[in-house]
$ cat final19.cif   # mmCIF, C-alpha atoms
data_target
#
loop_
_atom_site.group_PDB
_atom_site.id
_atom_site.type_symbol
_atom_site.label_atom_id
_atom_site.label_comp_id
_atom_site.auth_asym_id
_atom_site.auth_seq_id
_atom_site.Cartn_x
_atom_site.Cartn_y
_atom_site.Cartn_z
ATOM 1 C CA MET A 112 -3.887 -1.384 -19.428
ATOM 2 C CA ASP A 113 -3.908 0.390 -22.771
ATOM 3 C CA PRO A 114 -0.449 1.508 -24.006
ATOM 4 C CA ALA A 115 -1.703 5.095 -24.240
ATOM 5 C CA TYR A 116 -1.436 5.100 -20.430
ATOM 6 C CA THR A 117 1.472 2.666 -20.066
ATOM 7 C CA SER A 118 4.137 3.478 -22.600
ATOM 8 C CA GLY A 119 6.905 2.060 -20.384
ATOM 9 C CA THR A 120 6.154 -1.578 -21.087
ATOM 10 C CA GLY A 121 8.052 -4.188 -23.038
ATOM 11 C CA THR A 122 5.162 -5.453 -25.160
ATOM 12 C CA PRO A 123 2.485 -2.785 -25.772
ATOM 13 C CA VAL A 124 -0.790 -4.257 -27.024
ATOM 14 C CA PRO A 125 -3.532 -1.852 -28.131
ATOM 15 C CA GLY A 126 -7.103 -2.112 -26.955
ATOM 16 C CA GLY A 127 -6.531 -2.381 -23.230
ATOM 17 C CA LEU A 128 -8.493 -0.935 -20.346
ATOM 18 C CA THR A 129 -8.270 2.672 -19.216
ATOM 19 C CA PRO A 130 -6.835 3.496 -15.780
ATOM 20 C CA ARG A 131 -10.305 4.522 -14.639
ATOM 21 C CA GLU A 132 -11.545 0.995 -15.332
ATOM 22 C CA VAL A 133 -8.479 -0.816 -14.003
ATOM 23 C CA PHE A 134 -8.243 0.995 -10.655
ATOM 24 C CA TYR A 135 -11.797 0.185 -9.564
ATOM 25 C CA MET A 136 -11.587 -3.345 -10.914
ATOM 26 C CA VAL A 137 -8.421 -4.094 -8.940
ATOM 27 C CA ARG A 138 -9.827 -2.580 -5.747
ATOM 28 C CA GLY A 139 -13.050 -4.534 -6.130
ATOM 29 C CA LEU A 140 -11.277 -7.827 -6.824
ATOM 30 C CA CYS A 141 -8.889 -7.396 -3.897
ATOM 31 C CA SER A 142 -11.683 -6.457 -1.499
ATOM 32 C CA GLU A 143 -13.908 -9.403 -2.460
ATOM 33 C CA ASN A 144 -11.257 -12.148 -2.573
ATOM 34 C CA ASN A 145 -8.624 -13.414 -0.189
ATOM 35 C CA VAL A 146 -5.557 -12.090 -2.006
ATOM 36 C CA VAL A 147 -2.306 -13.774 -0.989
ATOM 37 C CA GLY A 148 -0.097 -12.372 -3.743
ATOM 38 C CA PHE A 149 -0.054 -9.597 -6.312
ATOM 39 C CA ASP A 150 2.383 -9.370 -9.196
ATOM 40 C CA LEU A 151 2.996 -6.246 -11.246
ATOM 41 C CA VAL A 152 4.863 -7.050 -14.462
ATOM 42 C CA GLU A 153 6.072 -5.344 -17.635
ATOM 43 C CA LEU A 154 7.223 -2.088 -16.060
ATOM 44 C CA ASN A 155 10.380 -0.449 -17.406
ATOM 45 C CA PRO A 156 10.774 3.144 -16.162
ATOM 46 C CA LEU A 157 13.769 3.668 -18.445
ATOM 47 C CA VAL A 158 11.535 3.642 -21.547
ATOM 48 C CA ASP A 159 8.746 5.695 -19.944
ATOM 49 C CA PRO A 160 9.289 9.261 -21.175
ATOM 50 C CA GLY A 161 6.450 10.858 -19.237
ATOM 51 C CA TYR A 162 6.666 8.689 -16.093
ATOM 52 C CA THR A 163 2.977 7.830 -16.581
ATOM 53 C CA THR A 164 3.511 4.063 -16.496
ATOM 54 C CA VAL A 165 5.183 4.263 -13.105
ATOM 55 C CA LEU A 166 2.436 6.477 -11.688
ATOM 56 C CA ASN A 167 -0.304 4.196 -13.030
ATOM 57 C CA ALA A 168 1.494 1.121 -11.684
ATOM 58 C CA LYS A 169 1.823 2.780 -8.275
ATOM 59 C CA GLN A 170 -1.898 3.541 -8.264
ATOM 60 C CA VAL A 171 -2.742 -0.065 -9.181
ATOM 61 C CA VAL A 172 -0.711 -1.298 -6.204
ATOM 62 C CA ASP A 173 -2.355 1.320 -3.950
ATOM 63 C CA GLU A 174 -5.815 0.179 -5.087
ATOM 64 C CA CYS A 175 -4.892 -3.438 -4.360
ATOM 65 C CA MET A 176 -3.664 -2.556 -0.868
ATOM 66 C CA THR A 177 -6.829 -0.541 -0.231
ATOM 67 C CA GLY A 178 -8.942 -3.507 -1.301
ATOM 68 C CA ILE A 179 -7.023 -5.811 1.040
ATOM 69 C CA ALA A 180 -7.484 -3.331 3.889
ATOM 70 C CA LEU A 181 -11.234 -3.114 3.196
ATOM 71 C CA ARG A 182 -11.461 -6.893 3.359
ATOM 72 C CA LYS A 183 -9.537 -7.017 6.644
ATOM 73 C CA LEU A 184 -11.876 -4.406 8.108
ATOM 74 C CA GLY A 185 -14.855 -6.533 7.125
ATOM 75 C CA LEU A 186 -16.015 -4.180 4.395
ATOM 76 C CA GLY A 187 -14.936 -6.348 1.463
ATOM 77 C CA ASN A 188 -17.947 -8.630 1.139
ATOM 78 C CA ARG A 189 -20.430 -5.805 0.720
ATOM 79 C CA ASP A 190 -21.693 -4.727 -2.657
ATOM 80 C CA TYR A 191 -18.783 -2.687 -3.987
ATOM 81 C CA LEU A 192 -20.146 0.285 -5.908
ATOM 82 C CA SER A 193 -17.817 1.537 -8.573
ATOM 83 C CA PRO A 194 -18.417 5.101 -9.726
ATOM 84 C CA LEU A 195 -18.545 3.612 -13.233
ATOM 85 C CA THR A 196 -21.489 1.310 -12.499
ATOM 86 C CA ARG A 197 -23.585 2.706 -9.692
ATOM 87 C CA ARG A 198 -26.868 0.949 -9.151
ATOM 88 C CA ASP A 199 -28.362 3.346 -6.658
ATOM 89 C CA GLY A 200 -29.400 6.011 -9.184
ATOM 90 C CA ARG A 201 -27.065 8.768 -7.937
ATOM 91 C CA ARG A 202 -25.174 10.874 -10.459
#

$ encode --input "final19.cif" --output "structure tokens"
Amino acid sequence: MDPAYTSGTGTPVPGGLTPREVFYMVRGLCSENNVVGFDLVELNPLVDPGYTTVLNAKQVVDECMTGIALRKLGLGNRDYLSPLTRRDGRR
């Protein structure tokens, strides 16, 4: 994720994804694949002045858990429509 949204990391590298892109990507990947482990790294709340890194990291984990739940309910193998790339023509 771009350091503009994750300032509480040890090695910030510019040019990353926005939270809007990451959240749907993680949910889609976790709903389409049999996830057996998920690792969240590079989080240091002590150097996060606005607490945004922690909130974004929490949302990434929530999206992963939602994707796993969708897969367990049998909804994971369907065509996952991200609001970023809808193919059905809705706005």

$ resolve_selection --input "final19.cif" --expression "the PyMOL selection byres ((chain A and resi 180) around 12)" --output "count of residues only"
22

$ atom_distance --input "final19.cif" --atom1 "CA of Gly127 (chain A)" --atom2 "CA of Thr164 (chain A)"
13.7 Å

$ resolve_selection --input "final19.cif" --expression "the PyMOL selection byres ((chain A and resi 165) around 10)" --output "ChimeraX atom specification"
/A:116-120,154-156,159,161-164,166-171

$ atom_distance --input "final19.cif" --atom1 "CA of Glu153 (chain A)" --atom2 "CA of Thr122 (chain A)"
7.6 Å

$ resolve_selection --input "final19.cif" --expression "the PyMOL selection byres ((chain A and resi 130) around 8)" --output "MDAnalysis selection string"
chainID A and resid 112 116 128:129 131:134 167

$ atom_distance --input "final19.cif" --atom1 "CA of Asp113 (chain A)" --atom2 "CA of Val158 (chain A)"
15.8 Å

$ closest_residue --input "final19.cif" --among "A:Ala115, A:Val124, A:Val152, A:Leu157" --to "Val172 (chain A)" --atoms "only C-alpha atoms"
A:Val152
